file entry_36.cif (mmCIF, C-alpha atoms)
data_model
loop_
_atom_site.label_atom_id
_atom_site.label_comp_id
_atom_site.auth_asym_id
_atom_site.auth_seq_id
_atom_site.Cartn_x
_atom_site.Cartn_y
_atom_site.Cartn_z
CA MET A 1 -16.13 8.94 22.87
CA SER A 2 -12.94 7.33 21.60
CA VAL A 3 -12.28 5.37 24.79
CA ASP A 4 -15.77 3.91 24.65
CA ARG A 5 -15.34 3.00 20.99
CA LEU A 6 -12.16 1.09 21.73
CA ALA A 7 -13.96 -0.81 24.47
CA LEU A 8 -16.61 -1.91 21.99
CA ALA A 9 -14.02 -3.96 20.09
CA ASP A 10 -13.42 -6.46 22.94
CA GLU A 11 -14.86 -9.36 20.96
CA PHE A 12 -12.21 -9.07 18.24
CA ALA A 13 -9.26 -8.41 20.54
CA GLY A 14 -10.30 -11.04 23.03
CA ALA A 15 -10.85 -13.79 20.49
CA GLY A 16 -7.24 -14.92 20.66
CA ALA A 17 -6.11 -13.18 17.48
CA ALA A 18 -3.30 -11.45 19.34
CA GLY A 19 -3.68 -12.64 22.86
CA ASP A 20 -2.04 -16.10 22.87
CA GLY A 21 1.04 -15.03 24.83
CA ALA A 22 3.26 -14.51 21.78
CA VAL A 23 5.89 -11.79 22.10
CA ALA A 24 6.81 -9.81 19.00
CA SER A 25 10.39 -9.12 17.97
CA ALA A 26 11.38 -5.48 17.49
CA ASP A 27 10.91 -5.69 13.72
CA VAL A 28 7.56 -7.47 13.93
CA ALA A 29 6.38 -5.01 16.58
CA GLU A 30 7.21 -2.07 14.29
CA TYR A 31 5.35 -3.73 11.43
CA ALA A 32 2.31 -4.46 13.60
CA LEU A 33 2.43 -0.87 14.87
CA ARG A 34 2.19 0.45 11.32
CA LEU A 35 -0.86 -1.64 10.55
CA GLY A 36 -2.47 -0.89 13.90
CA ASP A 37 -1.96 2.84 13.49
CA ASP A 38 -3.49 2.71 10.01
CA ALA A 39 -6.59 1.01 11.37
CA LEU A 40 -7.01 3.21 14.45
CA VAL A 41 -6.60 6.51 12.62
CA LEU A 42 -9.12 5.49 9.97
CA ALA A 43 -11.56 4.29 12.63
CA GLN A 44 -11.36 7.68 14.32
CA GLN A 45 -12.04 9.40 11.00
CA LEU A 46 -15.08 7.27 10.21
CA GLY A 47 -16.49 7.66 13.71
CA MET A 48 -16.83 11.36 13.03
CA TRP A 49 -19.57 10.56 10.49
CA ILE A 50 -21.88 9.11 13.14
CA ALA A 51 -24.97 11.38 13.24
CA ARG A 52 -23.54 13.31 10.26
CA ALA A 53 -23.82 10.83 7.39
CA PRO A 54 -26.21 11.59 4.52
CA GLU A 55 -28.50 8.70 5.48
CA LEU A 56 -29.36 7.11 8.83
CA GLU A 57 -28.29 3.76 7.42
CA GLU A 58 -24.85 5.24 6.72
CA ASP A 59 -24.50 6.35 10.35
CA VAL A 60 -24.79 2.67 11.22
CA ALA A 61 -22.69 1.35 8.32
CA LEU A 62 -19.75 3.70 8.85
CA GLY A 63 -19.95 3.19 12.60
CA ASN A 64 -19.77 -0.57 12.14
CA ILE A 65 -16.82 -0.26 9.75
CA ALA A 66 -15.09 1.91 12.36
CA LEU A 67 -15.70 -0.75 15.00
CA ASP A 68 -14.21 -3.41 12.74
CA LEU A 69 -11.12 -1.26 12.33
CA ILE A 70 -10.86 -0.65 16.07
CA GLY A 71 -10.88 -4.41 16.54
CA HIS A 72 -8.04 -4.74 14.03
CA ALA A 73 -6.15 -1.92 15.75
CA ARG A 74 -6.54 -3.42 19.21
CA SER A 75 -5.14 -6.78 18.17
CA LEU A 76 -2.26 -5.25 16.23
CA LEU A 77 -1.36 -2.70 18.90
CA HIS A 78 -1.58 -5.34 21.62
CA TYR A 79 0.88 -7.48 19.69
CA ALA A 80 3.16 -4.52 18.96
CA GLY A 81 3.20 -3.65 22.65
CA THR A 82 4.43 -7.09 23.71
CA ALA A 83 7.93 -6.10 22.53
CA THR A 84 8.18 -3.22 25.00
CA GLY A 85 5.61 -4.03 27.68
CA ARG A 86 3.23 -1.27 26.57
CA SER A 87 -0.51 -1.90 26.40
CA GLU A 88 -2.77 -1.13 23.46
CA ASP A 89 -4.12 1.85 25.41
CA ASP A 90 -0.59 3.14 26.05
CA LEU A 91 0.08 3.05 22.32
CA ALA A 92 -3.26 4.59 21.40
CA TYR A 93 -3.35 7.43 23.91
CA TRP A 94 0.18 8.18 25.05
CA ARG A 95 2.19 8.62 21.87
CA ASP A 96 2.73 11.97 20.24
CA GLU A 97 2.44 12.64 16.51
CA PRO A 98 6.06 11.76 15.48
CA GLU A 99 5.66 8.31 17.08
CA TRP A 100 2.75 7.33 14.86
CA ARG A 101 3.45 5.16 11.82
CA ASN A 102 0.26 5.34 9.74
CA ALA A 103 0.45 6.18 6.05
CA TRP A 104 -0.71 9.63 4.99
CA ILE A 105 -3.89 8.54 3.24
CA PHE A 106 -5.40 7.38 6.54
CA GLU A 107 -5.08 10.82 8.13
CA GLN A 108 -6.51 12.80 5.23
CA PRO A 109 -9.65 14.66 6.36
CA ASN A 110 -13.10 13.28 5.71
CA GLY A 111 -14.05 16.19 3.46
CA ASP A 112 -17.48 15.72 1.94
CA PHE A 113 -19.05 12.26 1.73
CA ALA A 114 -17.53 11.63 -1.71
CA HIS A 115 -14.03 12.24 -0.35
CA THR A 116 -14.64 9.77 2.47
CA ILE A 117 -15.87 7.19 -0.02
CA ALA A 118 -12.89 7.65 -2.35
CA ARG A 119 -10.54 7.23 0.61
CA GLN A 120 -12.47 4.13 1.67
CA LEU A 121 -12.32 2.58 -1.78
CA PHE A 122 -8.55 2.94 -2.04
CA ILE A 123 -7.83 1.89 1.54
CA ALA A 124 -10.23 -1.05 1.68
CA THR A 125 -8.95 -2.39 -1.65
CA TYR A 126 -5.37 -2.14 -0.37
CA LEU A 127 -6.23 -3.77 2.98
CA PHE A 128 -8.09 -6.61 1.30
CA GLU A 129 -5.02 -7.48 -0.75
CA LEU A 130 -2.71 -7.00 2.22
CA TYR A 131 -4.64 -9.13 4.70
CA GLY A 132 -5.28 -11.79 2.11
CA GLU A 133 -1.52 -12.22 1.64
CA LEU A 134 -0.69 -11.71 5.31
CA SER A 135 -3.00 -14.54 6.37
CA ALA A 136 -0.24 -16.87 5.12
CA SER A 137 2.42 -15.17 7.27
CA THR A 138 4.93 -17.37 9.07
CA ASP A 139 4.11 -15.32 12.18
CA PRO A 140 1.05 -17.10 13.65
CA THR A 141 -0.29 -14.02 15.40
CA LEU A 142 -0.16 -11.79 12.33
CA ALA A 143 -1.66 -14.60 10.24
CA ALA A 144 -4.57 -14.98 12.66
CA ILE A 145 -5.28 -11.25 12.77
CA ALA A 146 -5.15 -11.01 8.98
CA ALA A 147 -7.39 -14.03 8.44
CA LYS A 148 -10.14 -12.45 10.52
CA SER A 149 -9.61 -8.93 9.21
CA VAL A 150 -9.76 -9.83 5.51
CA LYS A 151 -13.35 -11.01 5.87
CA GLU A 152 -14.36 -7.63 7.25
CA VAL A 153 -12.46 -5.44 4.81
CA ASP A 154 -14.08 -7.39 1.98
CA TYR A 155 -17.36 -5.84 3.11
CA HIS A 156 -15.70 -2.43 3.53
CA ARG A 157 -14.48 -2.59 -0.06
CA ASP A 158 -17.89 -3.59 -1.42
CA HIS A 159 -19.58 -0.82 0.57
CA ALA A 160 -17.23 1.78 -0.89
CA THR A 161 -17.59 0.38 -4.41
CA GLN A 162 -21.36 0.62 -4.32
CA TRP A 163 -21.19 4.22 -3.16
CA VAL A 164 -18.69 5.19 -5.86
CA LEU A 165 -21.06 3.80 -8.48
CA ARG A 166 -24.04 5.46 -6.86
CA LEU A 167 -22.42 8.90 -6.61
CA ALA A 168 -20.79 8.76 -10.04
CA GLY A 169 -24.07 7.72 -11.64
CA GLY A 170 -26.31 10.04 -9.64
CA THR A 171 -26.86 13.75 -10.12
CA ASP A 172 -24.49 16.12 -11.89
CA GLU A 173 -23.46 17.42 -8.48
CA SER A 174 -22.78 14.01 -6.96
CA ARG A 175 -20.74 13.05 -10.01
CA ARG A 176 -18.73 16.29 -9.87
CA ARG A 177 -17.92 15.65 -6.23
CA MET A 178 -16.93 12.04 -6.88
CA ILE A 179 -14.57 13.09 -9.67
CA ALA A 180 -12.99 15.71 -7.40
CA ALA A 181 -12.68 13.22 -4.54
CA VAL A 182 -10.85 10.64 -6.64
CA ALA A 183 -8.48 13.32 -7.96
CA ASP A 184 -7.76 14.73 -4.49
CA THR A 185 -7.21 11.34 -2.81
CA TRP A 186 -5.23 9.53 -5.49
CA PRO A 187 -1.87 11.25 -4.79
CA TYR A 188 -1.76 9.57 -1.36
CA VAL A 189 -2.05 6.05 -2.75
CA ASP A 190 1.59 5.54 -3.76
CA GLU A 191 2.87 5.50 -0.18
CA LEU A 192 0.88 2.34 0.53
CA PHE A 193 3.03 0.38 -1.93
CA HIS A 194 6.48 1.59 -0.92
CA ASP A 195 8.97 -1.10 0.15
CA ASP A 196 11.51 -0.20 2.81
CA GLU A 197 14.21 -2.06 4.73
CA LEU A 198 11.86 -3.24 7.46
CA VAL A 199 9.30 -4.91 5.20
CA GLU A 200 12.04 -6.30 2.98
CA ARG A 201 13.66 -8.02 5.98
CA LEU A 202 10.35 -9.37 7.24
CA ALA A 203 9.17 -10.42 3.79
CA SER A 204 12.37 -12.41 3.27
CA GLU A 205 11.39 -14.39 6.38
CA GLY A 206 7.81 -14.87 5.22
CA VAL A 207 6.49 -12.67 8.02
CA ALA A 208 5.38 -9.57 6.12
CA VAL A 209 4.08 -8.77 2.66
CA LEU A 210 6.04 -6.57 0.27
CA PRO A 211 3.68 -3.66 -0.44
CA SER A 212 4.93 -3.43 -4.03
CA ARG A 213 3.52 -6.93 -4.68
CA LEU A 214 0.05 -5.65 -3.91
CA ARG A 215 0.05 -2.86 -6.48
CA GLU A 216 -0.95 -4.90 -9.52
CA PRO A 217 -4.04 -6.57 -7.98
CA PHE A 218 -4.96 -3.26 -6.36
CA ASP A 219 -4.81 -1.46 -9.71
CA GLU A 220 -6.90 -4.15 -11.38
CA VAL A 221 -9.73 -3.68 -8.89
CA ILE A 222 -9.59 0.11 -8.93
CA ASP A 223 -9.46 0.21 -12.73
CA ALA A 224 -12.54 -2.01 -12.92
CA VAL A 225 -14.54 0.05 -10.41
CA LEU A 226 -13.67 3.37 -12.02
CA ALA A 227 -14.38 2.00 -15.49
CA GLU A 228 -17.83 0.88 -14.39
CA ALA A 229 -18.41 4.29 -12.84
CA GLU A 230 -17.12 5.95 -16.02
CA LEU A 231 -14.47 7.83 -14.05
CA GLU A 232 -10.93 8.48 -15.17
CA LEU A 233 -7.95 7.53 -13.04
CA PRO A 234 -5.70 10.51 -12.26
CA THR A 235 -2.11 10.24 -13.48
CA GLY A 236 1.21 11.87 -12.71
CA ARG A 237 0.49 13.06 -9.18
CA THR A 238 1.90 11.71 -5.93
CA ALA A 239 2.23 13.21 -2.47
CA PHE A 240 4.72 10.59 -1.28
CA ILE A 241 8.34 11.53 -0.59
CA ALA A 242 10.59 8.48 -0.25
CA SER A 243 12.74 10.11 2.43
CA GLY A 244 9.77 10.82 4.66
CA GLY A 245 6.21 9.64 4.91
CA GLY A 246 4.03 8.45 7.72
CA ARG A 247 5.92 5.19 8.17
CA ARG A 248 8.85 7.25 9.48
CA GLY A 249 6.77 9.54 11.68
CA SER A 250 6.53 12.45 9.24
CA HIS A 251 2.89 13.44 8.94
CA THR A 252 0.61 15.96 7.29
CA GLU A 253 -1.00 18.79 9.23
CA HIS A 254 -4.15 16.69 9.70
CA LEU A 255 -2.90 14.06 12.15
CA GLY A 256 -2.17 16.34 15.11
CA PRO A 257 -5.73 17.62 15.58
CA LEU A 258 -7.12 14.11 15.09
CA LEU A 259 -4.87 12.71 17.82
CA ALA A 260 -5.68 15.61 20.13
CA GLU A 261 -9.37 14.80 19.92
CA MET A 262 -8.84 11.06 20.24
CA GLN A 263 -6.47 11.28 23.21
CA VAL A 264 -7.89 14.17 25.21
CA LEU A 265 -10.11 12.17 27.57
CA ALA A 266 -7.45 9.61 28.45
CA ARG A 267 -4.85 12.33 29.05
CA GLN A 268 -7.13 14.47 31.17
CA HIS A 269 -8.07 11.51 33.36
CA PRO A 270 -5.05 9.17 33.40
CA GLY A 271 -5.79 5.80 34.93
CA ALA A 272 -9.55 6.36 34.96
CA SER A 273 -11.88 3.43 34.32
CA TRP A 274 -15.57 3.13 33.62
#
call {"tool": "encode", "arguments": {"input": "entry_36.cif", "output": "structure tokens"}}
result
Amino acid sequence: MSVDRLALADEFAGAGAAGDGAVASADVAEYALRLGDDALVLAQQLGMWIARAPELEEDVALGNIALDLIGHARSLLHYAGTATGRSEDDLAYWRDEPEWRNAWIFEQPNGDFAHTIARQLFIATYLFELYGELSASTDPTLAAIAAKSVKEVDYHRDHATQWVLRLAGGTDESRRRMIAAVADTWPYVDELFHDDELVERLASEGVAVLPSRLREPFDEVIDAVLAEAELELPTGRTAFIASGGGRRGSHTEHLGPLLAEMQVLARQHPGASW
């Protein structure tokens, strides 16, 4: 299923966002790899809701969001691969867990629908701020990818916001689940805003965005959504360890099984085409 889903994103990847012949430097390739891994892992997670969502309309909505993210991933992984001569498929299907650079929040399990929505709210809000800033990157390829992606994650953020309000203001059970989902997901947010040597170097050149700069606008949006939903923001809990984290290839127990499912078809039939 995963190979077919990647193929469905041809329109995004083939629109010139990352296919203009530009070759990434080692630093830019690592940065693009991080963002591409974030998008691809989340797309795989959301694809698991197809035929399982609470409403038929949500099967379609979450599937379409997953396809948007696959498009982002294809462009970013294509660009990352130009530094080493590896294709987007090589990077998607032929890397093992320690080689992946996604942040931990992206690999957290779907859980119930409320947990998926909480994860979506935090991630989409972060990505909207990130791509908005990155669209002014001095790297033309990253700027082009970000400019297209920000329009799509704006919808993703609104979709998640509406569901948070709906679940928090619904039945006692839906509200209980939404409260639990926010509490369980919040500890994984801090990692998104951690600055390290790579992003500091690239940000000094105008190529990347310092994640720490995104925290204030992110918090403003999240505070407003949770206030409207009459939900409290958890405090004092973080899962992030500065010496590790997904950006350095240290992952939670959830990524391995996800990659095994995503990569199994390509690895069982190397070189196959449809």
call {"tool": "residues_around", "arguments": {"input": "entry_36.cif", "residues": "Asp219 in chain A", "least_positions_apart": "2", "cutoff": "12 Å", "atoms": "only C-alpha atoms", "output": "PyMOL selection string"}}
result
chain A and resi 121-122+125-126+129+186+189-190+193+212-217+221-227+233
call {"tool": "residues_around", "arguments": {"input": "entry_36.cif", "residues": "Glu200 in chain A", "least_positions_apart": "6", "cutoff": "10 Å", "atoms": "all atoms listed in the file", "output": "list in words"}}
result
Gly206, Val207, Ala208, Val209, Leu210 and Pro211 of chain A
call {"tool": "write_last_selection", "arguments": {"input": "entry_36.cif", "atoms": "C-alpha atoms", "output": "PDB file, keeping the file's coordinate frame"}}
result
ATOM      1  CA  GLY A 206       7.810 -14.870   5.220  1.00  0.00           C
ATOM      2  CA  VAL A 207       6.490 -12.670   8.020  1.00  0.00           C
ATOM      3  CA  ALA A 208       5.380  -9.570   6.120  1.00  0.00           C
ATOM      4  CA  VAL A 209       4.080  -8.770   2.660  1.00  0.00           C
ATOM      5  CA  LEU A 210       6.040  -6.570   0.270  1.00  0.00           C
ATOM      6  CA  PRO A 211       3.680  -3.660  -0.440  1.00  0.00           C
TER       7      PRO A 211
END
call {"tool": "atom_distance", "arguments": {"input": "entry_36.cif", "atom1": "CA of Tyr188 in chain A", "atom2": "CA of Gly246 in chain A"}}
result
10.8 Å
call {"tool": "atom_distance", "arguments": {"input": "entry_36.cif", "atom1": "CA of Leu259 in chain A", "atom2": "CA of Asp37 in chain A"}}
result
11.2 Å
call {"tool": "atom_distance", "arguments": {"input": "entry_36.cif", "atom1": "CA of His194 in chain A", "atom2": "CA of Arg247 in chain A"}}
result
9.8 Å
call {"tool": "axis_aligned_box", "arguments": {"input": "entry_36.cif", "around": "range 154-163 of chain A", "padding_each_side": "6 Å", "output": "AutoDock Vina command-line options"}}
result
--center_x -17.7 --center_y -1.6 --center_z -0.4 --size_x 19.3 --size_y 23.6 --size_z 19.9
call {"tool": "residues_around", "arguments": {"input": "entry_36.cif", "residues": "Phe106 in chain A", "least_positions_apart": "6", "cutoff": "12 Å", "atoms": "all atoms listed in the file", "output": "ChimeraX atom specification"}}
result
/A:34-46,69,100,116,118-124,126-127,185,188-189,191-192,245-247,251-252,254-255,258
call {"tool": "closest_residue", "arguments": {"input": "entry_36.cif", "among": "A:Tyr79, A:Trp163, A:Trp94, A:Tyr31", "to": "Pro270 in chain A", "atoms": "all atoms listed in the file"}}
result
A:Trp94
call {"tool": "closest_residue", "arguments": {"input": "entry_36.cif", "among": "A:Arg201, A:Ile105, A:Asp196, A:Gln162", "to": "Thr238 in chain A", "atoms": "all atoms listed in the file"}}
result
A:Ile105
call {"tool": "decode", "arguments": {"input": "entry_36.cif", "residues": "range 207-257 of chain A", "atoms": "C-alpha atoms", "output": "PDB file, in the first residue's frame"}}
result
ATOM      1  CA  VAL A 207      18.808  28.698   4.671  1.00  0.00           C
ATOM      2  CA  ALA A 208      16.981  27.184   7.643  1.00  0.00           C
ATOM      3  CA  VAL A 209      14.692  28.409  10.395  1.00  0.00           C
ATOM      4  CA  LEU A 210      15.720  28.263  14.039  1.00  0.00           C
ATOM      5  CA  PRO A 211      13.063  26.055  15.653  1.00  0.00           C
ATOM      6  CA  SER A 212      13.204  28.111  18.853  1.00  0.00           C
ATOM      7  CA  ARG A 213      11.913  31.135  16.907  1.00  0.00           C
ATOM      8  CA  LEU A 214       8.731  29.252  16.134  1.00  0.00           C
ATOM      9  CA  ARG A 215       7.803  28.502  19.729  1.00  0.00           C
ATOM     10  CA  GLU A 216       6.109  31.797  20.567  1.00  0.00           C
ATOM     11  CA  PRO A 217       3.718  31.878  17.564  1.00  0.00           C
ATOM     12  CA  PHE A 218       3.075  28.160  18.042  1.00  0.00           C
ATOM     13  CA  ASP A 219       2.128  28.680  21.688  1.00  0.00           C
ATOM     14  CA  GLU A 220      -0.158  31.577  20.805  1.00  0.00           C
ATOM     15  CA  VAL A 221      -2.177  29.414  18.421  1.00  0.00           C
ATOM     16  CA  ILE A 222      -2.319  26.403  20.727  1.00  0.00           C
ATOM     17  CA  ASP A 223      -3.297  28.549  23.708  1.00  0.00           C
ATOM     18  CA  ALA A 224      -6.142  30.082  21.708  1.00  0.00           C
ATOM     19  CA  VAL A 225      -7.463  26.733  20.469  1.00  0.00           C
ATOM     20  CA  LEU A 226      -7.333  25.103  23.890  1.00  0.00           C
ATOM     21  CA  ALA A 227      -8.910  28.144  25.527  1.00  0.00           C
ATOM     22  CA  GLU A 228     -11.817  27.996  23.088  1.00  0.00           C
ATOM     23  CA  ALA A 229     -12.152  24.278  23.767  1.00  0.00           C
ATOM     24  CA  GLU A 230     -11.951  24.953  27.519  1.00  0.00           C
ATOM     25  CA  LEU A 231      -8.989  22.601  27.851  1.00  0.00           C
ATOM     26  CA  GLU A 232      -5.968  23.151  30.052  1.00  0.00           C
ATOM     27  CA  LEU A 233      -2.441  23.027  28.672  1.00  0.00           C
ATOM     28  CA  PRO A 234      -0.279  20.440  30.459  1.00  0.00           C
ATOM     29  CA  THR A 235       2.819  21.790  32.200  1.00  0.00           C
ATOM     30  CA  GLY A 236       6.098  20.425  33.484  1.00  0.00           C
ATOM     31  CA  ARG A 237       6.349  17.325  31.301  1.00  0.00           C
ATOM     32  CA  THR A 238       8.721  16.689  28.419  1.00  0.00           C
ATOM     33  CA  ALA A 239       9.934  13.499  26.766  1.00  0.00           C
ATOM     34  CA  PHE A 240      12.835  15.208  24.994  1.00  0.00           C
ATOM     35  CA  ILE A 241      16.424  14.481  26.010  1.00  0.00           C
ATOM     36  CA  ALA A 242      18.878  16.999  24.562  1.00  0.00           C
ATOM     37  CA  SER A 243      21.603  14.382  24.066  1.00  0.00           C
ATOM     38  CA  GLY A 244      19.360  12.159  21.982  1.00  0.00           C
ATOM     39  CA  GLY A 245      16.107  12.543  20.136  1.00  0.00           C
ATOM     40  CA  GLY A 246      14.921  11.605  16.707  1.00  0.00           C
ATOM     41  CA  ARG A 247      17.075  14.187  14.946  1.00  0.00           C
ATOM     42  CA  ARG A 248      20.109  12.112  15.961  1.00  0.00           C
ATOM     43  CA  GLY A 249      18.602   8.749  15.083  1.00  0.00           C
ATOM     44  CA  SER A 250      17.469   7.794  18.586  1.00  0.00           C
ATOM     45  CA  HIS A 251      13.837   6.742  18.411  1.00  0.00           C
ATOM     46  CA  THR A 252      11.017   5.416  20.533  1.00  0.00           C
ATOM     47  CA  GLU A 253       9.835   1.820  20.294  1.00  0.00           C
ATOM     48  CA  HIS A 254       7.113   2.855  17.842  1.00  0.00           C
ATOM     49  CA  LEU A 255       9.194   3.698  14.763  1.00  0.00           C
ATOM     50  CA  GLY A 256      10.591   0.223  14.056  1.00  0.00           C
ATOM     51  CA  PRO A 257       7.230  -1.504  13.486  1.00  0.00           C
TER      52      PRO A 257
END
